[in-house]
$ cat input11.tsv   # TSV, C-alpha atoms
chain	number	residue	atom	x	y	z
E	1	MET	CA	0.00	0.00	0.00
E	2	ARG	CA	2.84	2.37	0.86
E	3	ASN	CA	4.48	1.64	-2.47
E	4	LEU	CA	1.21	2.35	-4.28
E	5	LYS	CA	0.83	5.66	-2.46
E	6	ALA	CA	4.40	6.58	-3.32
E	7	VAL	CA	3.82	5.75	-6.99
E	8	LEU	CA	0.58	7.77	-7.08
E	9	THR	CA	2.26	10.70	-5.36
E	10	ALA	CA	5.16	10.63	-7.81
E	11	LEU	CA	2.72	10.43	-10.73
E	12	PHE	CA	0.73	13.39	-9.42
E	13	LEU	CA	3.88	15.48	-9.00
E	14	PHE	CA	5.05	14.53	-12.49
E	15	LEU	CA	1.75	15.52	-14.09
E	16	ALA	CA	1.65	18.76	-12.12
E	17	PHE	CA	5.19	19.62	-13.21
E	18	ALA	CA	4.41	18.72	-16.84
E	19	SER	CA	1.35	20.95	-16.77
E	20	PHE	CA	3.35	23.81	-15.27
E	21	ALA	CA	6.13	23.38	-17.82
E	22	GLN	CA	3.60	23.36	-20.65
E	23	GLN	CA	2.06	26.63	-19.46
E	24	LYS	CA	5.38	28.29	-18.67
E	25	GLY	CA	5.89	31.42	-20.68
E	26	TRP	CA	2.21	32.01	-21.46
E	27	VAL	CA	0.64	35.28	-20.37
E	28	THR	CA	-3.05	36.15	-20.32
E	29	LEU	CA	-3.79	39.27	-22.37
E	30	PHE	CA	-7.41	39.58	-21.21
E	31	ASN	CA	-8.21	39.08	-17.52
E	32	GLY	CA	-11.90	38.37	-18.12
E	33	GLU	CA	-13.01	41.28	-15.92
E	34	ASN	CA	-12.01	44.57	-17.57
E	35	LEU	CA	-10.01	46.05	-20.43
E	36	ASP	CA	-6.85	46.79	-18.47
E	37	GLY	CA	-3.88	46.63	-20.84
E	38	TRP	CA	-5.98	47.50	-23.89
E	39	ILE	CA	-6.75	50.76	-25.70
E	40	GLN	CA	-9.08	51.53	-28.60
E	41	LYS	CA	-7.60	52.98	-31.78
E	42	ASN	CA	-9.72	54.14	-34.75
E	43	GLY	CA	-13.47	53.91	-35.18
E	44	GLN	CA	-16.48	54.26	-32.94
E	45	ALA	CA	-17.39	50.61	-32.40
E	46	THR	CA	-17.90	49.74	-28.73
E	47	TYR	CA	-15.98	47.14	-26.71
E	48	ILE	CA	-17.34	45.91	-23.39
E	49	VAL	CA	-16.59	43.02	-21.04
E	50	GLU	CA	-19.54	40.69	-20.58
E	51	ASP	CA	-19.53	37.24	-18.92
E	52	GLY	CA	-15.78	36.87	-19.30
E	53	MET	CA	-15.79	37.92	-22.95
E	54	ILE	CA	-14.76	41.03	-24.88
E	55	VAL	CA	-17.81	41.90	-26.99
E	56	GLY	CA	-17.34	44.28	-29.92
E	57	THR	CA	-20.40	45.98	-31.43
E	58	THR	CA	-20.57	47.90	-34.69
E	59	THR	CA	-21.63	51.53	-34.92
E	60	LYS	CA	-23.25	52.93	-38.06
E	61	ASP	CA	-20.93	54.82	-40.42
E	62	SER	CA	-17.86	53.99	-38.32
E	63	PRO	CA	-14.61	53.01	-40.03
E	64	ASN	CA	-12.80	49.89	-38.88
E	65	SER	CA	-12.25	49.90	-35.11
E	66	PHE	CA	-9.47	48.19	-33.16
E	67	LEU	CA	-9.03	47.33	-29.48
E	68	CYS	CA	-5.25	47.09	-29.11
E	69	THR	CA	-2.79	45.82	-26.55
E	70	GLN	CA	-0.71	48.55	-24.97
E	71	LYS	CA	2.36	46.33	-25.34
E	72	ASP	CA	4.11	45.43	-28.59
E	73	TYR	CA	5.10	41.89	-29.55
E	74	GLY	CA	7.52	40.54	-32.16
E	75	ASN	CA	7.91	36.75	-32.26
E	76	PHE	CA	5.14	34.93	-30.43
E	77	GLU	CA	2.49	32.26	-30.27
E	78	LEU	CA	-1.05	33.62	-29.80
E	79	GLU	CA	-4.21	31.71	-28.96
E	80	PHE	CA	-7.77	32.93	-28.51
E	81	ASP	CA	-11.40	31.87	-28.90
E	82	VAL	CA	-13.70	33.93	-31.10
E	83	LYS	CA	-17.37	33.81	-32.00
E	84	LEU	CA	-19.30	35.86	-34.54
E	85	LEU	CA	-22.63	36.66	-32.94
E	86	ASP	CA	-23.79	37.87	-36.36
E	87	ASN	CA	-22.51	36.09	-39.46
E	88	GLU	CA	-22.92	39.27	-41.51
E	89	LEU	CA	-19.91	40.72	-39.69
E	90	ASN	CA	-16.38	39.79	-40.68
E	91	SER	CA	-13.58	40.66	-38.31
E	92	GLY	CA	-9.91	39.98	-37.70
E	93	VAL	CA	-7.02	40.10	-35.27
E	94	GLN	CA	-4.12	42.43	-35.96
E	95	ILE	CA	-0.60	41.24	-35.20
E	96	ARG	CA	2.66	43.23	-35.24
E	97	SER	CA	0.61	46.30	-36.04
E	98	THR	CA	1.33	50.02	-35.76
E	99	THR	CA	-0.45	53.33	-36.34
E	100	LYS	CA	0.37	55.90	-39.00
E	101	GLU	CA	0.91	59.57	-38.20
E	102	PRO	CA	-2.34	61.16	-36.94
E	103	GLU	CA	-4.14	63.52	-39.29
E	104	GLY	CA	-6.11	66.58	-38.19
E	105	ASP	CA	-7.63	66.03	-34.75
E	106	GLU	CA	-7.04	62.26	-34.76
E	107	LYS	CA	-5.74	60.86	-31.49
E	108	PHE	CA	-4.29	57.84	-33.29
E	109	GLY	CA	-3.33	57.44	-36.93
E	110	ARG	CA	-4.59	54.61	-39.12
E	111	VAL	CA	-3.96	51.13	-37.76
E	112	ASN	CA	-1.88	49.10	-40.19
E	113	GLY	CA	-0.22	45.71	-40.29
E	114	PRO	CA	-0.90	41.99	-40.75
E	115	GLN	CA	-4.41	40.83	-39.88
E	116	VAL	CA	-5.63	37.25	-39.46
E	117	GLU	CA	-9.12	37.04	-40.96
E	118	ILE	CA	-12.24	36.11	-38.98
E	119	GLU	CA	-15.18	35.33	-41.26
E	120	ALA	CA	-18.25	33.10	-41.15
E	121	SER	CA	-18.13	30.11	-43.49
E	122	GLY	CA	-21.65	30.46	-44.87
E	123	GLU	CA	-22.79	28.04	-47.56
E	124	LYS	CA	-19.75	28.38	-49.81
E	125	GLY	CA	-16.94	28.68	-47.28
E	126	ALA	CA	-14.83	31.76	-46.60
E	127	GLU	CA	-11.31	33.11	-46.00
E	128	ALA	CA	-11.04	32.75	-42.22
E	129	GLY	CA	-7.45	32.30	-41.04
E	130	TYR	CA	-5.79	33.82	-44.10
E	131	ILE	CA	-3.63	36.91	-43.68
E	132	TYR	CA	-4.52	40.41	-44.86
E	133	GLY	CA	-2.38	43.53	-44.85
E	134	GLU	CA	-4.64	46.08	-43.14
E	135	ALA	CA	-3.90	49.51	-44.68
E	136	CYS	CA	-0.61	48.11	-45.99
E	137	GLY	CA	-1.18	46.41	-49.30
E	138	GLY	CA	-4.19	44.09	-49.03
E	139	TRP	CA	-3.99	40.33	-49.03
E	140	MET	CA	-0.65	38.92	-47.94
E	141	THR	CA	-1.85	35.38	-48.59
E	142	PRO	CA	-1.21	34.76	-52.32
E	143	LYS	CA	-4.32	34.87	-54.51
E	144	GLU	CA	-3.93	31.24	-55.56
E	145	GLU	CA	-3.98	30.17	-51.89
E	146	LEU	CA	-7.13	32.13	-50.97
E	147	ILE	CA	-9.27	29.01	-51.21
E	148	PRO	CA	-12.64	29.26	-49.39
E	149	HIS	CA	-13.09	26.65	-46.65
E	150	LYS	CA	-15.53	25.77	-43.88
E	151	THR	CA	-13.16	25.22	-40.96
E	152	PHE	CA	-14.68	28.21	-39.13
E	153	ARG	CA	-17.81	27.04	-37.28
E	154	ASP	CA	-20.65	29.52	-37.72
E	155	GLY	CA	-22.59	30.39	-34.56
E	156	ALA	CA	-20.03	28.68	-32.33
E	157	TRP	CA	-16.75	29.36	-30.59
E	158	ASN	CA	-13.63	28.89	-32.71
E	159	THR	CA	-10.09	28.47	-31.40
E	160	TYR	CA	-7.38	30.32	-33.31
E	161	ARG	CA	-3.66	29.69	-33.01
E	162	ILE	CA	-1.14	32.04	-34.61
E	163	VAL	CA	2.62	31.58	-34.62
E	164	ALA	CA	4.64	34.58	-35.83
E	165	ASN	CA	8.35	33.82	-35.93
E	166	GLY	CA	10.54	36.00	-38.10
E	167	ALA	CA	9.11	36.35	-41.59
E	168	ARG	CA	6.95	33.25	-41.15
E	169	ILE	CA	3.33	33.44	-39.96
E	170	GLN	CA	1.33	30.24	-39.41
E	171	THR	CA	-2.35	30.00	-38.51
E	172	TRP	CA	-4.70	27.27	-37.31
E	173	ILE	CA	-8.46	27.23	-36.67
E	174	ASN	CA	-9.87	24.57	-34.37
E	175	GLY	CA	-6.63	22.63	-34.70
E	176	GLU	CA	-6.67	22.63	-38.51
E	177	PRO	CA	-3.75	24.33	-40.32
E	178	ILE	CA	-4.96	27.18	-42.52
E	179	SER	CA	-2.01	29.30	-43.63
E	180	ASP	CA	1.78	29.03	-43.66
E	181	LEU	CA	3.11	32.29	-45.06
E	182	VAL	CA	6.62	33.70	-45.42
E	183	ASP	CA	6.64	37.43	-46.22
E	184	LYS	CA	10.09	38.96	-45.78
E	185	GLU	CA	9.00	42.38	-47.04
E	186	LYS	CA	6.18	42.67	-44.49
E	187	PHE	CA	8.46	41.45	-41.71
E	188	GLU	CA	10.90	44.24	-42.54
E	189	SER	CA	8.15	46.87	-42.35
E	190	HIS	CA	6.30	45.29	-39.38
E	191	PRO	CA	8.76	43.28	-37.24
E	192	LYS	CA	6.77	43.96	-34.06
E	193	GLY	CA	3.69	45.79	-32.89
E	194	PHE	CA	0.43	45.48	-30.97
E	195	ILE	CA	-2.30	42.85	-31.08
E	196	GLY	CA	-5.62	44.38	-32.17
E	197	LEU	CA	-9.21	43.07	-32.11
E	198	GLN	CA	-11.05	44.41	-35.14
E	199	VAL	CA	-14.70	45.38	-35.48
E	200	HIS	CA	-15.17	45.98	-39.19
E	201	GLY	CA	-17.01	49.02	-40.47
E	202	VAL	CA	-20.47	48.09	-41.84
E	203	GLY	CA	-21.85	51.40	-43.10
E	204	GLN	CA	-25.56	51.75	-42.32
E	205	ARG	CA	-26.07	48.08	-41.48
E	206	GLY	CA	-26.11	46.42	-38.08
E	207	PRO	CA	-25.60	46.51	-35.22
E	208	PHE	CA	-23.51	43.33	-35.40
E	209	GLN	CA	-21.34	41.74	-32.72
E	210	VAL	CA	-18.20	39.63	-32.33
E	211	ALA	CA	-16.82	38.19	-29.07
E	212	TRP	CA	-13.39	37.02	-27.89
E	213	LYS	CA	-12.20	35.14	-24.80
E	214	ASN	CA	-9.25	33.08	-23.51
E	215	ILE	CA	-6.68	35.38	-25.15
E	216	LYS	CA	-3.15	34.31	-24.26
E	217	LEU	CA	0.32	34.77	-25.73
E	218	LYS	CA	3.78	33.26	-25.38
E	219	GLU	CA	6.76	35.25	-26.64
E	220	LEU	CA	9.35	33.33	-28.65
E	221	GLU	CA	13.08	33.94	-28.61
$ encode --input "input11.tsv" --output "structure tokens"
Amino acid sequence: MRNLKAVLTALFLFLAFASFAQQKGWVTLFNGENLDGWIQKNGQATYIVEDGMIVGTTTKDSPNSFLCTQKDYGNFELEFDVKLLDNELNSGVQIRSTTKEPEGDEKFGRVNGPQVEIEASGEKGAEAGYIYGEACGGWMTPKEELIPHKTFRDGAWNTYRIVANGARIQTWINGEPISDLVDKEKFESHPKGFIGLQVHGVGQRGPFQVAWKNIKLKELE
């Protein structure tokens, strides 16, 4: 009996250590309670915390809006869960992004940089998980690789994983690989920057909503 207890204790300690080692280096970007560590740049969409989620809601005639981390990141692994509460709304998550020089009475200039697409699949599939250059050239994913797919689950939570390491950006949705892109030119112009949660402008339509939770990041050497 003593030997069994010793074995079980050793097994418990091993599993606990393995779990700790696996989580080592990860930081939570959203605490589930408030928007500490985040700041809105561009647009008039609203971002609120509700039931442990960040909920973004469109505003009529607003340009694209972004809720951005106050810290910049270069090489990293990012994971989050996202759900489109309205399939009419496409969204995205900015990585390594910056702002241009403000114009007029702007507090922040135009957000620009790589964006990982969030889009409902619909009947014909969509471009979720591919990479777009927001205000910096359009699609980074080559045209021939922009193949519509249905990996994104409409009306449900979807888990995204993004690995940005040097000029290479890889994306997964719900464990399925979506994009593996090497863009040296974009890495030179955007080697590091903030993470930004986009609420897309929708003109006179809406209001539409998108929600995020479980946002965490591990910086890579």
$ closest_atom_pairs --input "input11.tsv" --of "range 13-93 of chain E" --to "range 190-210 of chain E" --cutoff "10 Å" --atoms "only C-alpha atoms" --output "tab-separated table"
residue	atom	partner	partner_atom	distance
E:Leu29	CA	E:Ile195	CA	9.5
E:Trp38	CA	E:Gly196	CA	8.9
E:Ile39	CA	E:Gly196	CA	9.2
E:Gln40	CA	E:Gly196	CA	8.7
E:Lys41	CA	E:Gly196	CA	8.8
E:Asn42	CA	E:Gln198	CA	9.8
E:Gly43	CA	E:Gly201	CA	8.0
E:Gln44	CA	E:Gly201	CA	9.2
E:Ala45	CA	E:Val199	CA	6.6
E:Thr46	CA	E:Val199	CA	8.6
E:Tyr47	CA	E:Val199	CA	9.0
E:Met53	CA	E:Val210	CA	9.8
E:Ile54	CA	E:Val210	CA	8.3
E:Val55	CA	E:Val210	CA	5.8
E:Gly56	CA	E:Val210	CA	5.3
E:Thr57	CA	E:Gln209	CA	4.5
E:Thr58	CA	E:Pro207	CA	5.2
E:Thr59	CA	E:Pro207	CA	6.4
E:Lys60	CA	E:Gln204	CA	5.0
E:Asp61	CA	E:Gly203	CA	4.4
E:Ser62	CA	E:Gly201	CA	5.5
E:Pro63	CA	E:Gly201	CA	4.7
E:Asn64	CA	E:His200	CA	4.6
E:Ser65	CA	E:Val199	CA	5.2
E:Phe66	CA	E:Gln198	CA	4.6
E:Leu67	CA	E:Leu197	CA	5.0
E:Cys68	CA	E:Gly196	CA	4.1
E:Thr69	CA	E:Ile195	CA	5.4
E:Gln70	CA	E:Phe194	CA	6.8
E:Lys71	CA	E:Phe194	CA	6.0
E:Asp72	CA	E:Gly193	CA	4.3
E:Tyr73	CA	E:Lys192	CA	5.2
E:Gly74	CA	E:Lys192	CA	4.0
E:Asn75	CA	E:Lys192	CA	7.5
E:Phe76	CA	E:Lys192	CA	9.9
E:Leu78	CA	E:Ile195	CA	9.4
E:Val82	CA	E:Val210	CA	7.4
E:Lys83	CA	E:Val210	CA	5.9
E:Leu84	CA	E:Val210	CA	4.5
E:Leu85	CA	E:Gln209	CA	5.2
E:Asp86	CA	E:Phe208	CA	5.6
E:Asn87	CA	E:Phe208	CA	8.4
E:Glu88	CA	E:Phe208	CA	7.4
E:Leu89	CA	E:Phe208	CA	6.2
E:Asn90	CA	E:His200	CA	6.5
E:Ser91	CA	E:Gln198	CA	5.5
E:Gly92	CA	E:Gln198	CA	5.2
E:Val93	CA	E:Leu197	CA	4.9
$ atom_distance --input "input11.tsv" --atom1 "CA of Asp154 in chain E" --atom2 "CA of Val49 in chain E"
21.8 Å
$ atom_distance --input "input11.tsv" --atom1 "CA of Glu33 in chain E" --atom2 "CA of Asp51 in chain E"
8.2 Å
$ closest_residue --input "input11.tsv" --among "E:Asp180, E:Trp212, E:Glu101, E:Glu50" --to "Trp157 in chain E" --atoms "only C-alpha atoms"
E:Trp212
$ atom_distance --input "input11.tsv" --atom1 "CA of Arg161 in chain E" --atom2 "CA of Arg110 in chain E"
25.7 Å
$ residues_around --input "input11.tsv" --residues "Cys136 in chain E" --least-positions-apart "5" --cutoff "10 Å" --atoms "all atoms listed in the file" --output "count of residues only"
7
$ closest_residue --input "input11.tsv" --among "E:Glu188, E:Glu117, E:Asp105, E:Glu77" --to "Glu134 in chain E" --atoms "all atoms listed in the file"
E:Glu117
$ residues_around --input "input11.tsv" --residues "Ile178 in chain E" --least-positions-apart "6" --cutoff "10 Å" --atoms "only C-alpha atoms" --output "tab-separated table (two decimals) with C-alpha atoms, in the frame of the given file"
chain	number	residue	atom	x	y	z
E	127	GLU	CA	-11.31	33.11	-46.00
E	128	ALA	CA	-11.04	32.75	-42.22
E	129	GLY	CA	-7.45	32.30	-41.04
E	130	TYR	CA	-5.79	33.82	-44.10
E	131	ILE	CA	-3.63	36.91	-43.68
E	145	GLU	CA	-3.98	30.17	-51.89
E	147	ILE	CA	-9.27	29.01	-51.21
E	149	HIS	CA	-13.09	26.65	-46.65
E	151	THR	CA	-13.16	25.22	-40.96
E	161	ARG	CA	-3.66	29.69	-33.01
E	170	GLN	CA	1.33	30.24	-39.41
E	171	THR	CA	-2.35	30.00	-38.51
E	172	TRP	CA	-4.70	27.27	-37.31
$ closest_residue --input "input11.tsv" --among "E:Val182, E:Ile118, E:Ala135, E:Leu220" --to "Lys150 in chain E" --atoms "only C-alpha atoms"
E:Ile118
$ build_atoms --input "input11.tsv" --residues "range 153-170 of chain E" --atoms "N, CA, C and O atoms" --output "PDB file, in the coordinates of the input"
ATOM      1  N   ARG E 153     -16.475  27.517 -37.637  1.00  0.00           N
ATOM      2  CA  ARG E 153     -17.810  27.040 -37.280  1.00  0.00           C
ATOM      3  C   ARG E 153     -18.734  28.223 -37.023  1.00  0.00           C
ATOM      4  O   ARG E 153     -18.560  28.952 -36.045  1.00  0.00           O
ATOM      5  N   ASP E 154     -19.716  28.404 -37.869  1.00  0.00           N
ATOM      6  CA  ASP E 154     -20.650  29.520 -37.720  1.00  0.00           C
ATOM      7  C   ASP E 154     -21.518  29.332 -36.477  1.00  0.00           C
ATOM      8  O   ASP E 154     -21.980  28.225 -36.176  1.00  0.00           O
ATOM      9  N   GLY E 155     -21.728  30.429 -35.741  1.00  0.00           N
ATOM     10  CA  GLY E 155     -22.590  30.390 -34.560  1.00  0.00           C
ATOM     11  C   GLY E 155     -21.984  29.668 -33.379  1.00  0.00           C
ATOM     12  O   GLY E 155     -22.700  29.356 -32.419  1.00  0.00           O
ATOM     13  N   ALA E 156     -20.689  29.416 -33.416  1.00  0.00           N
ATOM     14  CA  ALA E 156     -20.030  28.680 -32.330  1.00  0.00           C
ATOM     15  C   ALA E 156     -18.671  29.314 -32.034  1.00  0.00           C
ATOM     16  O   ALA E 156     -18.180  30.154 -32.792  1.00  0.00           O
ATOM     17  N   TRP E 157     -18.086  28.895 -30.915  1.00  0.00           N
ATOM     18  CA  TRP E 157     -16.750  29.360 -30.590  1.00  0.00           C
ATOM     19  C   TRP E 157     -15.716  28.656 -31.456  1.00  0.00           C
ATOM     20  O   TRP E 157     -15.840  27.462 -31.738  1.00  0.00           O
ATOM     21  N   ASN E 158     -14.723  29.418 -31.888  1.00  0.00           N
ATOM     22  CA  ASN E 158     -13.630  28.890 -32.710  1.00  0.00           C
ATOM     23  C   ASN E 158     -12.303  29.230 -32.048  1.00  0.00           C
ATOM     24  O   ASN E 158     -12.103  30.368 -31.603  1.00  0.00           O
ATOM     25  N   THR E 159     -11.404  28.261 -31.994  1.00  0.00           N
ATOM     26  CA  THR E 159     -10.090  28.470 -31.400  1.00  0.00           C
ATOM     27  C   THR E 159      -9.066  28.756 -32.485  1.00  0.00           C
ATOM     28  O   THR E 159      -8.876  27.937 -33.389  1.00  0.00           O
ATOM     29  N   TYR E 160      -8.442  29.931 -32.381  1.00  0.00           N
ATOM     30  CA  TYR E 160      -7.380  30.320 -33.310  1.00  0.00           C
ATOM     31  C   TYR E 160      -6.024  30.137 -32.635  1.00  0.00           C
ATOM     32  O   TYR E 160      -5.871  30.393 -31.444  1.00  0.00           O
ATOM     33  N   ARG E 161      -5.058  29.729 -33.436  1.00  0.00           N
ATOM     34  CA  ARG E 161      -3.660  29.690 -33.010  1.00  0.00           C
ATOM     35  C   ARG E 161      -2.838  30.369 -34.084  1.00  0.00           C
ATOM     36  O   ARG E 161      -3.001  30.071 -35.278  1.00  0.00           O
ATOM     37  N   ILE E 162      -1.986  31.305 -33.677  1.00  0.00           N
ATOM     38  CA  ILE E 162      -1.140  32.040 -34.610  1.00  0.00           C
ATOM     39  C   ILE E 162       0.293  31.979 -34.100  1.00  0.00           C
ATOM     40  O   ILE E 162       0.559  32.284 -32.939  1.00  0.00           O
ATOM     41  N   VAL E 163       1.203  31.576 -34.965  1.00  0.00           N
ATOM     42  CA  VAL E 163       2.620  31.580 -34.620  1.00  0.00           C
ATOM     43  C   VAL E 163       3.322  32.532 -35.587  1.00  0.00           C
ATOM     44  O   VAL E 163       3.323  32.304 -36.802  1.00  0.00           O
ATOM     45  N   ALA E 164       3.873  33.616 -35.048  1.00  0.00           N
ATOM     46  CA  ALA E 164       4.640  34.580 -35.830  1.00  0.00           C
ATOM     47  C   ALA E 164       6.088  34.492 -35.392  1.00  0.00           C
ATOM     48  O   ALA E 164       6.415  34.839 -34.251  1.00  0.00           O
ATOM     49  N   ASN E 165       6.947  34.020 -36.274  1.00  0.00           N
ATOM     50  CA  ASN E 165       8.350  33.820 -35.930  1.00  0.00           C
ATOM     51  C   ASN E 165       9.201  34.264 -37.110  1.00  0.00           C
ATOM     52  O   ASN E 165       9.256  33.589 -38.138  1.00  0.00           O
ATOM     53  N   GLY E 166       9.828  35.425 -36.974  1.00  0.00           N
ATOM     54  CA  GLY E 166      10.540  36.000 -38.100  1.00  0.00           C
ATOM     55  C   GLY E 166       9.577  36.342 -39.212  1.00  0.00           C
ATOM     56  O   GLY E 166       8.481  36.852 -38.969  1.00  0.00           O
ATOM     57  N   ALA E 167       9.949  36.032 -40.441  1.00  0.00           N
ATOM     58  CA  ALA E 167       9.110  36.350 -41.590  1.00  0.00           C
ATOM     59  C   ALA E 167       7.972  35.344 -41.798  1.00  0.00           C
ATOM     60  O   ALA E 167       7.132  35.530 -42.676  1.00  0.00           O
ATOM     61  N   ARG E 168       7.949  34.309 -40.981  1.00  0.00           N
ATOM     62  CA  ARG E 168       6.950  33.250 -41.150  1.00  0.00           C
ATOM     63  C   ARG E 168       5.773  33.439 -40.195  1.00  0.00           C
ATOM     64  O   ARG E 168       5.960  33.637 -38.990  1.00  0.00           O
ATOM     65  N   ILE E 169       4.554  33.373 -40.752  1.00  0.00           N
ATOM     66  CA  ILE E 169       3.330  33.440 -39.960  1.00  0.00           C
ATOM     67  C   ILE E 169       2.487  32.215 -40.282  1.00  0.00           C
ATOM     68  O   ILE E 169       2.144  31.971 -41.441  1.00  0.00           O
ATOM     69  N   GLN E 170       2.150  31.436 -39.246  1.00  0.00           N
ATOM     70  CA  GLN E 170       1.330  30.240 -39.410  1.00  0.00           C
ATOM     71  C   GLN E 170       0.025  30.414 -38.638  1.00  0.00           C
ATOM     72  O   GLN E 170       0.012  31.015 -37.550  1.00  0.00           O
TER      73      GLN E 170
END
